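Undergrad: Sending over coords.txt (compact mmCIF, C-alpha atoms).
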```txt
# COMPACT_ATOMS: atom_id res chain seq x y z
CA MET A 893 14.09 346.46 170.76
CA ALA A 894 16.93 344.79 172.64
CA GLN A 895 14.47 343.69 175.30
CA ALA A 896 12.17 342.19 172.68
CA ALA A 897 15.08 340.26 171.18
CA HIS A 898 16.03 339.00 174.63
CA ALA A 899 12.44 337.94 175.33
CA ALA A 900 12.37 336.00 172.07
CA GLU A 901 15.53 334.11 173.07
CA ALA A 902 14.60 333.50 176.70
CA PRO A 903 13.50 329.95 177.55
CA HIS A 904 9.78 329.59 178.27
CA SER A 905 9.94 328.37 181.85
CA SER A 906 9.79 329.81 185.33
CA THR A 907 13.17 328.23 186.16
CA GLY A 908 14.99 330.24 183.50
CA ILE A 909 16.21 326.97 181.98
CA ASP A 910 14.82 325.42 178.82
CA SER A 911 12.24 322.86 180.01
CA ARG A 912 13.53 320.29 177.52
CA LYS A 913 16.95 320.45 179.14
CA VAL A 914 15.40 320.09 182.62
CA LEU A 915 13.50 317.04 181.35
CA MET A 916 16.73 315.52 180.01
CA TRP A 917 18.45 315.95 183.38
CA ILE A 918 15.46 314.40 185.19
CA PHE A 919 15.67 311.45 182.78
CA LEU A 920 19.41 311.09 183.46
CA ALA A 921 18.79 311.24 187.22
CA SER A 922 16.25 308.40 186.85
CA GLU A 923 18.81 306.44 184.85
CA CYS A 924 21.15 306.69 187.86
CA LEU A 925 18.57 304.67 189.84
CA PHE A 926 18.30 302.11 187.03
CA PHE A 927 22.03 301.49 186.73
CA GLY A 928 22.56 301.80 190.50
CA SER A 929 20.19 298.86 191.03
CA LEU A 930 21.90 296.78 188.34
CA ILE A 931 25.37 297.50 189.78
CA ALA A 932 24.17 296.58 193.29
CA THR A 933 22.76 293.30 191.96
CA TYR A 934 26.06 292.54 190.23
CA LEU A 935 28.02 293.26 193.42
CA VAL A 936 25.77 290.97 195.48
CA PHE A 937 26.49 288.06 193.15
CA LYS A 938 30.14 288.92 192.52
CA GLY A 939 30.88 288.71 196.24
CA ASP A 940 30.28 285.01 196.68
CA ILE A 941 29.91 282.83 193.60
CA PRO A 942 29.04 279.19 194.43
CA LEU A 943 31.10 276.38 192.91
CA PRO A 944 29.85 274.81 189.66
CA ALA A 945 28.22 271.40 189.45
CA PRO A 946 30.56 268.51 188.45
CA GLY A 947 28.88 268.37 185.04
CA PHE A 948 29.94 271.96 184.28
CA ILE A 949 33.52 271.26 185.37
CA GLU A 950 33.74 268.22 183.06
CA ALA A 951 32.21 270.11 180.13
CA HIS A 952 34.45 273.18 180.45
CA MET A 953 37.76 271.67 181.57
CA HIS A 954 40.51 272.40 179.03
CA ASP A 955 44.12 271.37 179.81
CA GLY A 956 43.25 271.03 183.49
CA VAL A 957 41.70 274.51 183.72
CA VAL A 958 37.95 275.21 184.01
CA THR A 959 36.68 278.20 182.03
CA GLY A 960 33.53 280.28 182.07
CA TRP A 961 32.59 280.32 185.77
CA PHE A 962 34.50 282.95 187.76
CA PRO A 963 35.32 286.57 186.77
CA THR A 964 39.01 286.22 187.75
CA ASP A 965 41.56 283.40 188.07
CA ARG A 966 41.33 281.29 191.22
CA VAL A 967 41.99 277.80 192.59
CA VAL A 968 39.25 276.16 194.67
CA ASP A 969 39.45 272.62 196.13
CA GLY A 970 42.47 271.91 193.93
CA VAL A 971 40.60 272.85 190.75
CA GLU A 972 42.08 275.69 188.69
CA TYR A 973 39.58 278.18 187.22
CA ALA A 974 40.49 280.71 184.52
CA GLY A 975 38.80 284.10 184.92
CA VAL A 976 36.66 285.29 182.03
CA LEU A 977 37.29 289.05 182.37
CA ASN A 978 39.81 290.35 179.85
CA ILE A 979 41.02 293.59 181.41
CA PRO A 980 43.45 294.68 178.63
CA VAL A 981 40.70 294.43 175.99
CA THR A 982 38.19 296.23 178.19
CA SER A 983 40.75 298.94 178.95
CA ALA A 984 41.02 299.56 175.21
CA SER A 985 37.23 299.80 174.87
CA THR A 986 37.13 302.15 177.89
CA PHE A 987 39.69 304.40 176.18
CA VAL A 988 37.56 304.38 173.01
CA LEU A 989 34.45 305.46 174.95
CA LEU A 990 36.39 308.20 176.79
CA MET A 991 37.66 309.54 173.47
CA SER A 992 34.11 309.44 172.09
CA SER A 993 33.12 311.78 174.93
CA VAL A 994 35.91 314.17 173.92
CA ALA A 995 34.69 313.98 170.31
CA MET A 996 31.11 314.62 171.46
CA VAL A 997 31.99 317.70 173.47
CA LEU A 998 33.88 319.08 170.45
CA ALA A 999 30.79 318.47 168.30
CA VAL A 1000 28.70 320.38 170.84
CA TYR A 1001 31.30 323.18 170.81
CA GLY A 1002 31.10 323.35 167.01
CA ALA A 1003 27.29 323.40 167.02
CA GLN A 1004 27.05 326.06 169.70
CA ASN A 1005 29.57 328.32 167.98
CA GLY A 1006 28.14 328.02 164.48
CA ARG A 1007 31.09 325.92 163.20
CA LEU A 1008 28.96 323.39 161.38
CA LYS A 1009 31.80 321.55 159.60
CA MET A 1010 33.52 321.00 162.94
CA MET A 1011 30.21 319.77 164.38
CA LYS A 1012 29.72 317.24 161.57
CA ILE A 1013 33.27 315.90 161.73
CA TRP A 1014 33.16 315.34 165.49
CA LEU A 1015 29.64 313.90 165.36
CA LEU A 1016 30.94 311.37 162.83
CA ALA A 1017 33.97 310.65 165.04
CA THR A 1018 31.70 310.09 168.06
CA LEU A 1019 29.48 307.78 166.01
CA LEU A 1020 32.44 305.72 164.78
CA LEU A 1021 33.97 305.46 168.26
CA GLY A 1022 30.58 304.36 169.62
CA ILE A 1023 30.39 301.63 166.96
CA ILE A 1024 33.94 300.50 167.82
CA PHE A 1025 32.97 300.30 171.50
CA LEU A 1026 29.97 298.14 170.58
CA GLY A 1027 32.30 295.96 168.51
CA PHE A 1028 34.46 295.41 171.60
CA GLN A 1029 31.35 294.44 173.56
CA VAL A 1030 30.17 291.97 170.91
CA PHE A 1031 33.67 290.46 170.88
CA GLU A 1032 33.67 290.16 174.69
CA PHE A 1033 30.21 288.57 174.83
CA HIS A 1034 31.20 286.12 172.08
CA GLU A 1035 34.40 285.15 173.94
CA PHE A 1036 32.52 284.64 177.20
CA GLY A 1037 29.92 282.50 175.43
CA ALA A 1038 32.69 280.37 173.90
CA GLU A 1039 34.15 279.83 177.39
CA GLY A 1040 30.77 278.67 178.74
CA LEU A 1041 29.48 281.82 180.47
CA ASN A 1042 26.02 283.02 179.48
CA LEU A 1043 22.91 284.46 181.13
CA ALA A 1044 21.89 281.03 182.47
CA THR A 1045 25.30 279.75 183.63
CA ASN A 1046 25.29 281.27 187.12
CA GLN A 1047 24.26 284.39 189.04
CA PHE A 1048 27.51 286.13 188.08
CA GLY A 1049 26.80 285.54 184.37
CA ALA A 1050 23.20 286.71 184.70
CA SER A 1051 24.04 289.94 186.54
CA PHE A 1052 27.10 290.64 184.34
CA PHE A 1053 25.25 290.26 181.03
CA VAL A 1054 22.21 292.21 182.24
CA LEU A 1055 24.36 295.11 183.50
CA THR A 1056 26.74 295.38 180.56
CA GLY A 1057 24.01 294.42 178.08
CA PHE A 1058 21.77 297.28 179.21
CA HIS A 1059 24.74 299.63 178.98
CA GLY A 1060 25.42 298.36 175.46
CA ALA A 1061 21.75 298.93 174.60
CA HIS A 1062 22.11 302.53 175.78
CA VAL A 1063 25.22 302.97 173.62
CA THR A 1064 23.28 301.54 170.67
CA VAL A 1065 20.47 304.05 171.20
CA GLY A 1066 23.09 306.81 171.40
CA VAL A 1067 24.69 305.64 168.15
CA LEU A 1068 21.27 305.67 166.44
CA MET A 1069 20.58 309.19 167.73
CA LEU A 1070 24.01 310.38 166.57
CA GLY A 1071 23.47 308.79 163.16
CA SER A 1072 20.07 310.43 162.70
CA MET A 1073 21.48 313.79 163.87
CA LEU A 1074 24.37 313.49 161.43
CA LEU A 1075 21.98 312.65 158.58
CA ALA A 1076 19.71 315.54 159.54
CA SER A 1077 22.71 317.91 159.54
CA MET A 1078 23.37 316.95 155.89
CA ARG A 1079 19.99 318.39 154.81
CA ARG A 1080 19.91 321.74 153.05
CA THR A 1081 18.37 323.33 156.15
CA GLY A 1082 20.80 321.55 158.46
CA LEU A 1083 19.69 321.14 162.08
CA GLY A 1084 17.78 324.42 162.02
CA PRO A 1085 18.16 327.41 164.30
CA GLU A 1086 18.49 325.29 167.45
CA ALA A 1087 21.40 323.12 166.28
CA GLY A 1088 23.41 323.91 169.41
CA PHE A 1089 20.59 322.86 171.69
CA HIS A 1090 19.87 319.60 169.83
CA VAL A 1091 23.50 318.48 169.73
CA GLU A 1092 24.01 319.46 173.37
CA THR A 1093 20.99 317.38 174.44
CA ILE A 1094 22.24 314.28 172.64
CA GLY A 1095 25.66 315.07 174.08
CA LEU A 1096 24.22 314.95 177.61
CA TYR A 1097 22.91 311.44 176.93
CA TRP A 1098 26.20 310.32 175.41
CA HIS A 1099 28.30 311.63 178.29
CA PHE A 1100 25.93 309.93 180.74
CA VAL A 1101 26.54 306.62 178.98
CA ASP A 1102 30.26 307.35 179.38
CA ILE A 1103 30.04 308.04 183.15
CA VAL A 1104 28.03 304.86 183.66
CA TRP A 1105 30.86 302.96 181.94
CA ILE A 1106 33.43 304.73 184.16
CA VAL A 1107 31.65 303.16 187.16
CA ILE A 1108 31.12 299.76 185.47
CA PHE A 1109 34.77 299.54 184.40
CA THR A 1110 35.93 300.10 187.98
CA VAL A 1111 33.32 297.99 189.77
CA VAL A 1112 33.10 295.06 187.34
CA TYR A 1113 36.62 294.83 185.93
CA LEU A 1114 39.11 296.45 188.33
CA VAL A 1115 37.74 295.86 191.83
CA PRO A 1116 38.77 292.35 192.89
CA ALA A 1117 35.99 289.89 193.73
CA MET B 338 17.15 331.51 168.00
CA SER B 339 20.56 331.21 166.46
CA ALA B 340 23.11 328.59 167.36
CA GLU B 341 24.71 331.19 169.60
CA GLY B 342 21.28 332.05 170.90
CA GLY B 343 20.68 328.40 171.77
CA HIS B 344 23.91 328.49 173.66
CA ALA B 345 22.93 331.57 175.58
CA ALA B 346 19.48 330.20 176.33
CA GLY B 347 21.10 327.52 178.44
CA SER B 348 21.57 330.22 181.11
CA HIS B 349 25.27 329.66 181.57
CA GLU B 350 26.90 331.57 184.37
CA ARG B 351 30.59 330.97 183.50
CA SER B 352 32.36 330.77 180.17
CA HIS B 353 32.75 327.29 178.72
CA PRO B 354 36.17 325.66 178.23
CA THR B 355 38.00 326.12 174.94
CA VAL B 356 38.79 323.31 172.46
CA ARG B 357 42.31 323.09 173.90
CA GLN B 358 40.92 322.76 177.42
CA TYR B 359 38.51 320.02 176.33
CA VAL B 360 41.41 318.07 174.78
CA LEU B 361 43.47 318.53 177.96
CA ILE B 362 40.54 317.24 180.03
CA GLY B 363 40.39 314.20 177.72
CA LEU B 364 44.10 313.62 178.30
CA LEU B 365 43.61 313.91 182.06
CA LEU B 366 40.82 311.31 181.93
CA THR B 367 43.12 308.98 179.97
CA VAL B 368 45.93 309.42 182.51
CA ILE B 369 43.57 308.70 185.42
CA THR B 370 42.37 305.52 183.63
CA ILE B 371 45.99 304.40 183.15
CA VAL B 372 46.68 305.02 186.86
CA GLU B 373 43.56 302.98 187.74
CA LEU B 374 44.77 300.15 185.56
CA ALA B 375 48.29 300.29 187.03
CA ALA B 376 46.85 300.26 190.56
CA SER B 377 44.74 297.17 189.81
CA TYR B 378 47.88 295.32 188.64
CA THR B 379 50.06 296.52 191.54
CA PRO B 380 50.53 293.78 194.15
CA GLY B 381 50.66 294.75 197.79
CA LEU B 382 48.08 297.53 197.80
CA GLY B 383 45.80 295.23 199.82
CA VAL B 384 42.82 296.96 201.38
CA LEU B 385 43.89 300.30 199.88
CA LEU B 386 43.15 299.13 196.33
CA ILE B 387 39.36 299.52 196.45
CA PRO B 388 39.38 303.04 198.00
CA ILE B 389 42.04 304.14 195.49
CA LEU B 390 39.98 302.83 192.56
CA MET B 391 36.79 304.40 193.93
CA VAL B 392 38.43 307.82 194.38
CA LEU B 393 39.98 307.77 190.87
CA SER B 394 36.69 306.63 189.33
CA GLY B 395 34.86 309.37 191.28
CA ILE B 396 37.26 312.03 190.00
CA LYS B 397 36.65 310.90 186.38
CA PHE B 398 32.90 310.90 186.99
CA VAL B 399 32.90 314.44 188.39
CA ILE B 400 35.15 315.78 185.62
CA VAL B 401 32.86 314.44 182.87
CA VAL B 402 29.69 315.68 184.57
CA ALA B 403 31.13 319.10 185.42
CA TYR B 404 32.99 319.92 182.19
CA PHE B 405 31.71 317.69 179.37
CA MET B 406 28.08 317.82 180.52
CA HIS B 407 28.56 321.51 181.43
CA LEU B 408 26.91 321.10 184.83
CA ARG B 409 29.51 323.44 186.33
CA PHE B 410 28.29 326.17 184.00
CA GLU B 411 24.55 325.62 184.46
CA LYS B 412 22.08 326.87 187.05
CA ALA B 413 22.13 325.07 190.40
CA LEU B 414 18.71 323.51 189.78
CA LEU B 415 20.14 321.03 187.27
CA THR B 416 22.93 320.05 189.68
CA ARG B 417 20.36 319.49 192.44
CA LEU B 418 18.22 317.33 190.15
CA PHE B 419 21.13 315.13 189.12
CA VAL B 420 22.64 314.89 192.62
CA PHE B 421 19.21 313.90 193.97
CA GLY B 422 19.03 310.99 191.50
CA PHE B 423 22.63 310.03 192.17
CA VAL B 424 22.24 310.06 195.98
CA LEU B 425 19.03 308.03 195.68
CA ALA B 426 20.88 305.52 193.48
CA GLY B 427 23.66 305.33 196.07
CA ALA B 428 21.09 304.70 198.82
CA ILE B 429 19.51 301.89 196.76
CA LEU B 430 22.94 300.38 196.13
CA ILE B 431 23.90 300.45 199.82
CA SER B 432 20.49 299.09 200.88
CA LEU B 433 20.65 296.17 198.44
CA LEU B 434 24.19 295.32 199.50
CA ALA B 435 23.24 295.51 203.18
CA LEU B 436 20.24 293.26 202.60
CA PHE B 437 21.69 290.60 200.34
CA TRP B 438 25.53 290.66 200.50
CA GLY B 439 26.69 287.14 201.31
CA ASP B 440 23.14 285.87 201.90
CA PRO B 441 23.34 282.14 201.02
CA ALA B 442 19.60 282.04 200.27
CA VAL B 443 20.22 284.49 197.42
CA ILE B 444 23.67 283.37 196.29
CA ASN B 445 22.81 279.68 195.90
CA ARG B 446 19.39 280.17 194.33
```
For this file, write the structure as structure tokens.

TA:
Amino acid sequence: MAQAAHAAEAPHSSTGIDSRKVLMWIFLASECLFFGSLIATYLVFKGDIPLPAPGFIEAHMHDGVVTGWFPTDRVVDGVEYAGVLNIPVTSASTFVLLMSSVAMVLAVYGAQNGRLKMMKIWLLATLLLGIIFLGFQVFEFHEFGAEGLNLATNQFGASFFVLTGFHGAHVTVGVLMLGSMLLASMRRTGLGPEAGFHVETIGLYWHFVDIVWIVIFTVVYLVPA
Amino acid sequence: MSAEGGHAAGSHERSHPTVRQYVLIGLLLTVITIVELAASYTPGLGVLLIPILMVLSGIKFVIVVAYFMHLRFEKALLTRLFVFGFVLAGAILISLLALFWGDPAVINR
């Protein structure tokens, strides 16, 4: 009887691990390659950014300072450039994403231990923190655009927006998944008998998005050019 | 399969952290981030700055993967899968930097 119950609970795979979880980890491993390539591209262009054309300098000179070209402040050939990266604001958004990971792991804990109210509360907290992070990113992109930096400005702009934009797209997908999971948990049947597994799987994706940002925050914002 | 059953089906070998431990890990991550930030604003670190930032970032990365993603509590197969992808990504990163870092034909395109 006990053996039959154990057989019913055992994952159907030769590895002893639920195949869906293995698939998720393979997906996350492939995402490492994706973001690794984008980070490498960013580093190549961050290392040596060419000077802007005179037309750009004239168009973006405000009070003797040129904006929207370099990531950090610098003076080249007597011309003062203001860096676009706003580290205090990004530090705040990094804190928000870190806290969303804490909220996510508490939601997983609630789901795996049958504490459904706890699961719902922390899923909602994760969702809201994810939306706040996206708000920070929209604000940052808007500020950069106002200063003259966009995808077409220079190689730094192109690689920066592609890298952080793809990360933002991943956060957006995560927010949508969290929202749909939260809505599904409100149904009369809830998330069904595998609630713990479903929330854990989305949690894996969410934490991955967080670790990618841990690397981006250091490489893009903190490491000097 | 119950919620508890779903938990057990993940073939965990060690017991998971408690809520208190998760919160403490979150605090630790916050402290490491503050130290990173302080280091980036500290003048005089010179060539030490980048290794310091990389080590701190690596510690945060490992903590999240090991405890929040529960890799520490899973079977070794999942760790091998993820490390394989991560090492491959590192190799791509190093290769691209070796090929194109400072190459004027790329930078000025």

Undergrad: Residues of chain A within 8 Å of chain B, counting only C-alpha atoms, what are they? List them as an NGL selection string.

TA: :A and (900-903 or 908-910 or 914 or 917-918 or 920-922 or 924-929 or 931-933 or 935-937 or 939-942 or 983 or 987 or 990-991 or 993-994 or 997-998 or 1001 or 1003-1006 or 1047 or 1085-1089 or 1095-1096 or 1099-1100 or 1103 or 1106-1107 or 1110 or 1114-1115)

Undergrad: Provide the CA of Gly1071 (chain A) to CA of Lys913 (chain A) distance in Å, to one decimal place.

TA: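 Interatomic distance, CA of Gly1071 (chain A) to CA of Lys913 (chain A): 20.8 Å.
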
Undergrad: Would you kindly return, as a PyMOL selection string, each protein, DNA or RNA residue with an atom no farther than 12 Å from any atom of Leu943 (chain A), considering all atoms listed in the file and excluding same-chain residues fewer than 2 positions away?

TA: (chain A and resi 940-941+945-949+958+960-962+966-969+971-973+1045-1048) or (chain B and resi 444-445)

Undergrad: One decimal, in Å: what's the spacing between CA of Thr964 (chain A) and CA of Leu1026 (chain A)?

TA: 22.8 Å

Undergrad: I want to know what sits within 7 Å of region 1049-1053 of chain A, based on all atoms listed in the file, with residues of the same chain fewer than 5 positions away left out; could you give that as a list in words?

TA: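 Returned residues: Thr933, Tyr934, Leu1041, Asn1042, Leu1043 and Ala1044 of chain A.
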
Undergrad: Counting all atoms listed in the file, which of A:Val1067, A:Ile979, A:Ala984, A:Val1054 gets nearest to Thr1018 (chain A)?

TA: A:Val1067

Undergrad: For CA of Ser906 (chain A) and CA of Phe410 (chain B), quote the distance in Å rounded to one decimal.

TA: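 Between these atoms lies a distance of 18.9 Å.
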
Undergrad: Tell me, as a PyMOL selection string, which residues lie within 12 Å of Ser1077 (chain A), counting only C-alpha atoms; anything in the same chain fewer than 2 positions away does not count.

TA: chain A and resi 999+1003+1008-1013+1015-1016+1070-1075+1079-1088+1090-1091

Undergrad: Looking at all atoms listed in the file, which of A:Ala995, A:Ile1023, A:Val1063, A:Leu930 is the one that sits closest to Tyr1097 (chain A)?

TA: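 Of A:Ala995, A:Ile1023, A:Val1063, A:Leu930, the one nearest Tyr1097 (chain A), counting all atoms listed in the file, is A:Val1063.
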